[in-house]
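A quick write-up on the structure given underneath.
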Amino acid sequence: MSATPLPRFSADKRGGGSSGARKSYALEQVTEYLGSFECGQVVDLGGACQSNIDYATGMGHRLYAEDVLLTLAGWQGAPQDGAFPADREAESLPSGCLEFPRGSVHAALCWDRLQFLSEGAASALVARLHRILVPGGVLLALFNPDQGARAPFACRVTGGNQLQLDPSGAARPYRGHSTRSIEKLFHAFESLKFYLTRENLQEVIVRR
Amino acid sequence: MATHPTRTADFGTVRSGALIGKTLTITGEIRGEEDLVIDGRLEGDVELPQHRLTIGPSGVLQGKIRAREIVVYGTVQGNLHASERVEIKKHAKVIGDLKAQRPVIEDEAYFKGNVETIRAETPKAAAAGAAATSAAAAAPTAPAPASAAAAPSAGAGSPAARQESRKG
């Protein structure tokens with residue numbers, strides 16, 4: 001693997017993203033990590049998005065895109081009356097969902113998707129991510145501390161440390177996550193770092 | 001000499017070529033040396049190495065595609081490999097792995113799979129590659145790179161691991 005990140009998505013402190021984008025310290029760490037080698041595997045759980053494809057493939061990696069909320073919608077059932085459906089057993093994700101071999105993924109971009117899942121589904125997904133990430137691999141997630149309802153974000157990487165968050169689709173309930181509950185969710189991982197950003201959103205960078 | 005009218009579909013820019021219409025269902029492989037528009041249903045692979053394949057808004061394809069250019073308005077379940085570009089248009093649905101020099105996925109398209117870019121083979125690079133190959137043939141065998149990652153094959157639905165190296 002050669003250490004030649006492309007300048008377009010280098011973790012440039014000056015940013016260089018499009019208007020409407022915000023600086024993301026967590027994304028900056030992902031970019032630094034992905035810029036240190038080539039031919040890695042990145043998974044984007046927010047679905048396919050051209051700018052994220054350009055981000056990953058521009059640095060010489062493959063990008064697997066899947067909107068995990070769509071994949072798990074039928075499995076966990078749709079939220080009803082603002083409440084989440086009954087929890088499912090962990091480690092029992094539906095077939096076809098992130099079926100990568102153990103230790104074959106280098107970075108997982110979860111965005112805000114985990115907080116739209118029931119507790120059991122989120123735990124199952126995190127367990128699956130722990131299994132497929134390489135040791136030292138990174139996971140990026142966004143959490144709100146308080147519960148509420150809004151549309152999930154379409155998260156677009158517009159620079160090495162620039163992220164644009166646009167509400168996409170219908171509003172749906174999400175679970176609030178305290179620092180403690182996030183630590184509990186990622187208890188099997190090696191380390192966590194928290195960054196508080198605009199709109200009371202917490203960025204978390206987790207290392208396997 | 002009489003000239004035959006060229007059939008065109010009612011979407012996008014379509015050059016002369018073959019058209020599989022909306023009411024047609026075909027099971028089997030298609031290979032050819034001309035552009036093709038599929039607006040019907042095909043269960044089978046398509047191979048048009050030097051040409052463009054368009055899956056129209058009513059088109060449904062279940063199988064692998066290999067072409068110079070692939071444009072999808074409809075539904076594809078299978079892997080797509082284009083030597084130049086792949087475009088997945090708004091409202092299209094693709095489940096499969098995608099490999100192209102220039103992959104383009106429009107907003108509001110549904111895509112599930114792996115995206116990998118391939119680099120353009122310039123004559124200079126090809127010559128350098130050929131020189132490297134002949135030099136490597138003379139050198140002792142190197143160990144396989146440890147970085148090759150495996151990925152699920154969304155199109156085939158099989159989680160079989162595979163090793164891939166990036167084309168240089």
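In the structure tokens, each chain is lettered A, B, ... as it comes, each chain's residues begin at 1, and ligands are numbered from 1 in order of appearance.
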Chain B contacts on chain A, only C-alpha atoms, 6 Å, as a PyMOL selection string: chain A and resi 48+50+62-66+99-100+104
For the residues in that selection, give me all heavy atoms as a PDB file, in the first residue's frame.
ATOM      1  N   ALA A  48     -26.337   5.292  -1.684  1.00  0.00           N
ATOM      2  CA  ALA A  48     -25.401   5.772  -2.708  1.00  0.00           C
ATOM      3  C   ALA A  48     -25.504   7.276  -2.883  1.00  0.00           C
ATOM      4  O   ALA A  48     -26.594   7.836  -2.896  1.00  0.00           O
ATOM      5  CB  ALA A  48     -25.700   5.083  -4.026  1.00  0.00           C
ATOM      6  N   GLN A  50     -23.174  10.417  -5.026  1.00  0.00           N
ATOM      7  CA  GLN A  50     -22.049  10.625  -5.941  1.00  0.00           C
ATOM      8  C   GLN A  50     -20.825  11.218  -5.239  1.00  0.00           C
ATOM      9  O   GLN A  50     -19.704  10.780  -5.471  1.00  0.00           O
ATOM     10  CB  GLN A  50     -22.478  11.537  -7.096  1.00  0.00           C
ATOM     11  CG  GLN A  50     -21.438  11.666  -8.188  1.00  0.00           C
ATOM     12  CD  GLN A  50     -21.165  10.333  -8.876  1.00  0.00           C
ATOM     13  OE1 GLN A  50     -22.082   9.574  -9.179  1.00  0.00           O
ATOM     14  NE2 GLN A  50     -19.898  10.019  -9.119  1.00  0.00           N
ATOM     15  N   ARG A  62     -12.564   1.063  -2.604  1.00  0.00           N
ATOM     16  CA  ARG A  62     -13.878   0.650  -3.084  1.00  0.00           C
ATOM     17  C   ARG A  62     -14.916   1.169  -2.091  1.00  0.00           C
ATOM     18  O   ARG A  62     -14.646   1.245  -0.897  1.00  0.00           O
ATOM     19  CB  ARG A  62     -13.986  -0.873  -3.143  1.00  0.00           C
ATOM     20  CG  ARG A  62     -13.282  -1.511  -4.299  1.00  0.00           C
ATOM     21  CD  ARG A  62     -13.590  -3.001  -4.334  1.00  0.00           C
ATOM     22  NE  ARG A  62     -13.167  -3.630  -3.090  1.00  0.00           N
ATOM     23  CZ  ARG A  62     -11.945  -4.056  -2.847  1.00  0.00           C
ATOM     24  NH1 ARG A  62     -11.012  -3.920  -3.767  1.00  0.00           N
ATOM     25  NH2 ARG A  62     -11.619  -4.613  -1.702  1.00  0.00           N
ATOM     26  N   LEU A  63     -16.083   1.496  -2.589  1.00  0.00           N
ATOM     27  CA  LEU A  63     -17.157   1.950  -1.697  1.00  0.00           C
ATOM     28  C   LEU A  63     -18.365   1.045  -1.852  1.00  0.00           C
ATOM     29  O   LEU A  63     -18.864   0.861  -2.959  1.00  0.00           O
ATOM     30  CB  LEU A  63     -17.558   3.391  -2.014  1.00  0.00           C
ATOM     31  CG  LEU A  63     -18.680   3.900  -1.111  1.00  0.00           C
ATOM     32  CD1 LEU A  63     -18.113   4.452   0.187  1.00  0.00           C
ATOM     33  CD2 LEU A  63     -19.507   4.970  -1.782  1.00  0.00           C
ATOM     34  N   TYR A  64     -18.795   0.479  -0.738  1.00  0.00           N
ATOM     35  CA  TYR A  64     -20.035  -0.299  -0.744  1.00  0.00           C
ATOM     36  C   TYR A  64     -21.130   0.600  -0.189  1.00  0.00           C
ATOM     37  O   TYR A  64     -21.015   1.114   0.930  1.00  0.00           O
ATOM     38  CB  TYR A  64     -19.878  -1.547   0.125  1.00  0.00           C
ATOM     39  CG  TYR A  64     -21.145  -2.363   0.216  1.00  0.00           C
ATOM     40  CD1 TYR A  64     -21.487  -3.261  -0.794  1.00  0.00           C
ATOM     41  CD2 TYR A  64     -21.997  -2.237   1.301  1.00  0.00           C
ATOM     42  CE1 TYR A  64     -22.643  -4.003  -0.716  1.00  0.00           C
ATOM     43  CE2 TYR A  64     -23.162  -2.984   1.385  1.00  0.00           C
ATOM     44  CZ  TYR A  64     -23.474  -3.864   0.367  1.00  0.00           C
ATOM     45  OH  TYR A  64     -24.631  -4.598   0.444  1.00  0.00           O
ATOM     46  N   ALA A  65     -22.169   0.826  -0.964  1.00  0.00           N
ATOM     47  CA  ALA A  65     -23.248   1.723  -0.547  1.00  0.00           C
ATOM     48  C   ALA A  65     -24.521   0.930  -0.306  1.00  0.00           C
ATOM     49  O   ALA A  65     -24.900   0.088  -1.127  1.00  0.00           O
ATOM     50  CB  ALA A  65     -23.488   2.780  -1.619  1.00  0.00           C
ATOM     51  N   GLU A  66     -25.142   1.185   0.815  1.00  0.00           N
ATOM     52  CA  GLU A  66     -26.415   0.536   1.138  1.00  0.00           C
ATOM     53  C   GLU A  66     -27.154   1.423   2.130  1.00  0.00           C
ATOM     54  O   GLU A  66     -26.568   1.856   3.125  1.00  0.00           O
ATOM     55  CB  GLU A  66     -26.151  -0.843   1.759  1.00  0.00           C
ATOM     56  CG  GLU A  66     -27.409  -1.533   2.229  1.00  0.00           C
ATOM     57  CD  GLU A  66     -27.169  -2.972   2.706  1.00  0.00           C
ATOM     58  OE1 GLU A  66     -26.014  -3.437   2.655  1.00  0.00           O
ATOM     59  OE2 GLU A  66     -28.143  -3.600   3.124  1.00  0.00           O
ATOM     60  N   GLU A  99     -22.888  -8.409   4.411  1.00  0.00           N
ATOM     61  CA  GLU A  99     -22.283  -9.745   4.535  1.00  0.00           C
ATOM     62  C   GLU A  99     -20.863  -9.747   3.999  1.00  0.00           C
ATOM     63  O   GLU A  99     -20.570 -10.355   2.955  1.00  0.00           O
ATOM     64  CB  GLU A  99     -23.154 -10.776   3.822  1.00  0.00           C
ATOM     65  CG  GLU A  99     -24.402 -11.090   4.610  1.00  0.00           C
ATOM     66  CD  GLU A  99     -25.193 -12.222   4.010  1.00  0.00           C
ATOM     67  OE1 GLU A  99     -25.096 -12.432   2.790  1.00  0.00           O
ATOM     68  OE2 GLU A  99     -25.919 -12.881   4.765  1.00  0.00           O
ATOM     69  N   PHE A 100     -20.009  -9.065   4.694  1.00  0.00           N
ATOM     70  CA  PHE A 100     -18.588  -9.042   4.353  1.00  0.00           C
ATOM     71  C   PHE A 100     -17.866 -10.084   5.207  1.00  0.00           C
ATOM     72  O   PHE A 100     -18.290 -10.375   6.332  1.00  0.00           O
ATOM     73  CB  PHE A 100     -17.982  -7.670   4.675  1.00  0.00           C
ATOM     74  CG  PHE A 100     -18.333  -6.595   3.688  1.00  0.00           C
ATOM     75  CD1 PHE A 100     -19.535  -5.923   3.778  1.00  0.00           C
ATOM     76  CD2 PHE A 100     -17.448  -6.251   2.684  1.00  0.00           C
ATOM     77  CE1 PHE A 100     -19.859  -4.923   2.876  1.00  0.00           C
ATOM     78  CE2 PHE A 100     -17.777  -5.254   1.779  1.00  0.00           C
ATOM     79  CZ  PHE A 100     -18.972  -4.588   1.872  1.00  0.00           C
ATOM     80  N   SER A 104     -12.598  -7.311   6.883  1.00  0.00           N
ATOM     81  CA  SER A 104     -12.315  -6.965   5.489  1.00  0.00           C
ATOM     82  C   SER A 104     -12.692  -5.524   5.141  1.00  0.00           C
ATOM     83  O   SER A 104     -12.485  -5.089   4.016  1.00  0.00           O
ATOM     84  CB  SER A 104     -13.068  -7.915   4.559  1.00  0.00           C
ATOM     85  OG  SER A 104     -14.456  -7.801   4.765  1.00  0.00           O
TER      86      SER A 104
END
Polymer residues at most 9 Å from Leu192 in chain A, only C-alpha atoms, same-chain spacing of 6 or more positions, as an NGL selection string: :A and (183 or 186 or 204-207)
Written file, previous selection with N, CA and C atoms, as an mmCIF file, in the first residue's frame:
data_model
loop_
_atom_site.group_PDB
_atom_site.id
_atom_site.type_symbol
_atom_site.label_atom_id
_atom_site.label_comp_id
_atom_site.auth_asym_id
_atom_site.auth_seq_id
_atom_site.Cartn_x
_atom_site.Cartn_y
_atom_site.Cartn_z
ATOM 1 N N GLU A 183 -21.086 4.958 24.532
ATOM 2 C CA GLU A 183 -19.966 4.118 25.004
ATOM 3 C C GLU A 183 -20.427 2.666 25.164
ATOM 4 N N PHE A 186 -20.808 0.908 21.749
ATOM 5 C CA PHE A 186 -19.538 0.551 21.102
ATOM 6 C C PHE A 186 -18.547 -0.056 22.105
ATOM 7 N N VAL A 204 -19.067 11.024 16.391
ATOM 8 C CA VAL A 204 -18.289 10.017 17.117
ATOM 9 C C VAL A 204 -17.388 9.297 16.136
ATOM 10 N N ILE A 205 -16.130 9.186 16.477
ATOM 11 C CA ILE A 205 -15.210 8.392 15.670
ATOM 12 C C ILE A 205 -14.775 7.207 16.535
ATOM 13 N N VAL A 206 -15.031 6.027 16.020
ATOM 14 C CA VAL A 206 -14.790 4.804 16.789
ATOM 15 C C VAL A 206 -13.704 4.006 16.082
ATOM 16 N N ARG A 207 -12.776 3.520 16.832
ATOM 17 C CA ARG A 207 -11.701 2.721 16.228
ATOM 18 C C ARG A 207 -11.825 1.266 16.677
#
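Interatomic distance, CA of Ala21 in chain A to CA of Tyr55 in chain A: 14.7 Å.
Pairwise distance (CA of Leu139 in chain A, CA of Gln164 in chain A) equals 17.9 Å.
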Nearest residue to Val134 in chain A from the set A:Gly159, A:Gly40, A:Gly58, A:Gly169 (distances using only C-alpha atoms): A:Gly40
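Going from CA of Cys49 in chain A over to CA of Arg156 in chain A, you cover 7.0 Å.
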Test item, strand (DSSP E or B) assignment across range 37-114 of chain B, answer as a PyMOL selection string: chain B and resi 37-38+41-43+46-55+60-62+65-72+75-77+80-88+93-95+98-100+102-105+110-114
Within 8 Å of Gly21 in chain B using only C-alpha atoms, minus same-chain residues under 2 positions, as an MDAnalysis selection string: chainID B and resid 19 23:24 38:40
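Comparing A:Leu34, A:Gly47, A:Cys155, A:Tyr25 by their smallest distance to Val94 in chain B, the closest is A:Gly47 (using only C-alpha atoms).
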Distance criterion (only C-alpha atoms): nearest to Tyr195 in chain A out of A:Leu140, A:Ala149, A:Met59, A:Ala170: A:Leu140
Fewer than 3 positions away in the same chain doesn't count, so skip those; otherwise give me all residues within 7 Å of Gly56 in chain B, counting only C-alpha atoms, as a compact mmCIF listing (two decimals) with N, CA, C and O atoms, in the first residue's frame.
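Generated file (around.txt):
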# COMPACT_ATOMS: atom_id res chain seq x y z
N VAL B 37 -30.62 -0.97 -26.72
CA VAL B 37 -31.54 -0.41 -25.73
C VAL B 37 -32.48 -1.53 -25.29
O VAL B 37 -33.09 -2.17 -26.14
N ILE B 38 -32.54 -1.76 -23.98
CA ILE B 38 -33.47 -2.79 -23.47
C ILE B 38 -34.56 -2.08 -22.69
O ILE B 38 -34.31 -1.47 -21.65
N ASP B 39 -35.76 -2.14 -23.21
CA ASP B 39 -36.90 -1.56 -22.48
C ASP B 39 -37.88 -2.65 -22.09
O ASP B 39 -38.93 -2.37 -21.54
N GLY B 59 -37.28 -1.14 -18.58
CA GLY B 59 -36.37 -2.27 -18.72
C GLY B 59 -36.05 -2.93 -17.39
O GLY B 59 -35.84 -2.26 -16.38
N VAL B 72 -28.50 3.33 -17.04
CA VAL B 72 -29.65 2.62 -16.47
C VAL B 72 -30.74 3.62 -16.05
O VAL B 72 -30.49 4.50 -15.23
N TYR B 73 -31.90 3.47 -16.66
CA TYR B 73 -33.09 4.22 -16.23
C TYR B 73 -34.04 3.28 -15.49
O TYR B 73 -34.89 3.71 -14.75
N GLY B 74 -33.91 2.00 -15.74
CA GLY B 74 -34.84 1.00 -15.20
C GLY B 74 -34.24 0.22 -14.04
O GLY B 74 -33.66 0.80 -13.13
Expected answer as a VMD selection string: helix (DSSP H, G or I) residues in range 127-201 of chain A: chain A and resid 127 to 132 179 to 185 198 to 200
Store the residues picked out above, limited to C-alpha atoms, as a PDB file, in the first residue's frame.
ATOM      1  CA  ALA A 127     -21.889  -6.136  16.290  1.00  0.00           C
ATOM      2  CA  ARG A 128     -21.805  -6.876  12.554  1.00  0.00           C
ATOM      3  CA  LEU A 129     -19.637  -3.802  11.936  1.00  0.00           C
ATOM      4  CA  HIS A 130     -17.273  -4.867  14.724  1.00  0.00           C
ATOM      5  CA  ARG A 131     -16.904  -8.245  13.027  1.00  0.00           C
ATOM      6  CA  ILE A 132     -16.255  -6.951   9.504  1.00  0.00           C
ATOM      7  CA  THR A 179     -22.276   9.801  25.909  1.00  0.00           C
ATOM      8  CA  ARG A 180     -22.756   6.862  28.262  1.00  0.00           C
ATOM      9  CA  SER A 181     -25.188   5.059  25.946  1.00  0.00           C
ATOM     10  CA  ILE A 182     -22.843   5.578  22.993  1.00  0.00           C
ATOM     11  CA  GLU A 183     -19.966   4.118  25.004  1.00  0.00           C
ATOM     12  CA  LYS A 184     -22.185   1.159  25.857  1.00  0.00           C
ATOM     13  CA  LEU A 185     -23.189   0.662  22.218  1.00  0.00           C
ATOM     14  CA  ARG A 198     -23.640  22.429  15.317  1.00  0.00           C
ATOM     15  CA  GLU A 199     -27.333  21.710  16.042  1.00  0.00           C
ATOM     16  CA  ASN A 200     -26.447  19.733  19.157  1.00  0.00           C
TER      17      ASN A 200
END
Selection near Glu84 in chain B, 12 Å with only C-alpha atoms, sequence-local residues under 2 positions removed, as a ChimeraX atom specification: /B:49-53,66-71,80-82,86-87,98-104,117-121
Tell me which protein, DNA and RNA residues are within 8 Å of Cys97 in chain A, counting only C-alpha atoms, leaving out same-chain ones fewer than 3 positions away, and put them as a tab-separated table (two decimals) with N, CA and C atoms, in the first residue's frame.
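Written file, out_20.tsv:
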chain	number	residue	atom	x	y	z
A	68	VAL	N	-29.11	1.49	4.99
A	68	VAL	CA	-29.43	0.46	5.99
A	68	VAL	C	-30.85	0.64	6.55
A	71	THR	N	-32.91	-1.30	4.10
A	71	THR	CA	-32.65	-2.74	4.23
A	71	THR	C	-33.32	-3.32	5.46
A	93	LEU	N	-29.07	-10.11	11.90
A	93	LEU	CA	-29.44	-9.21	10.82
A	93	LEU	C	-29.93	-10.03	9.63
A	94	PRO	N	-30.79	-9.46	8.81
A	94	PRO	CA	-31.30	-10.22	7.65
A	94	PRO	C	-30.17	-10.56	6.69
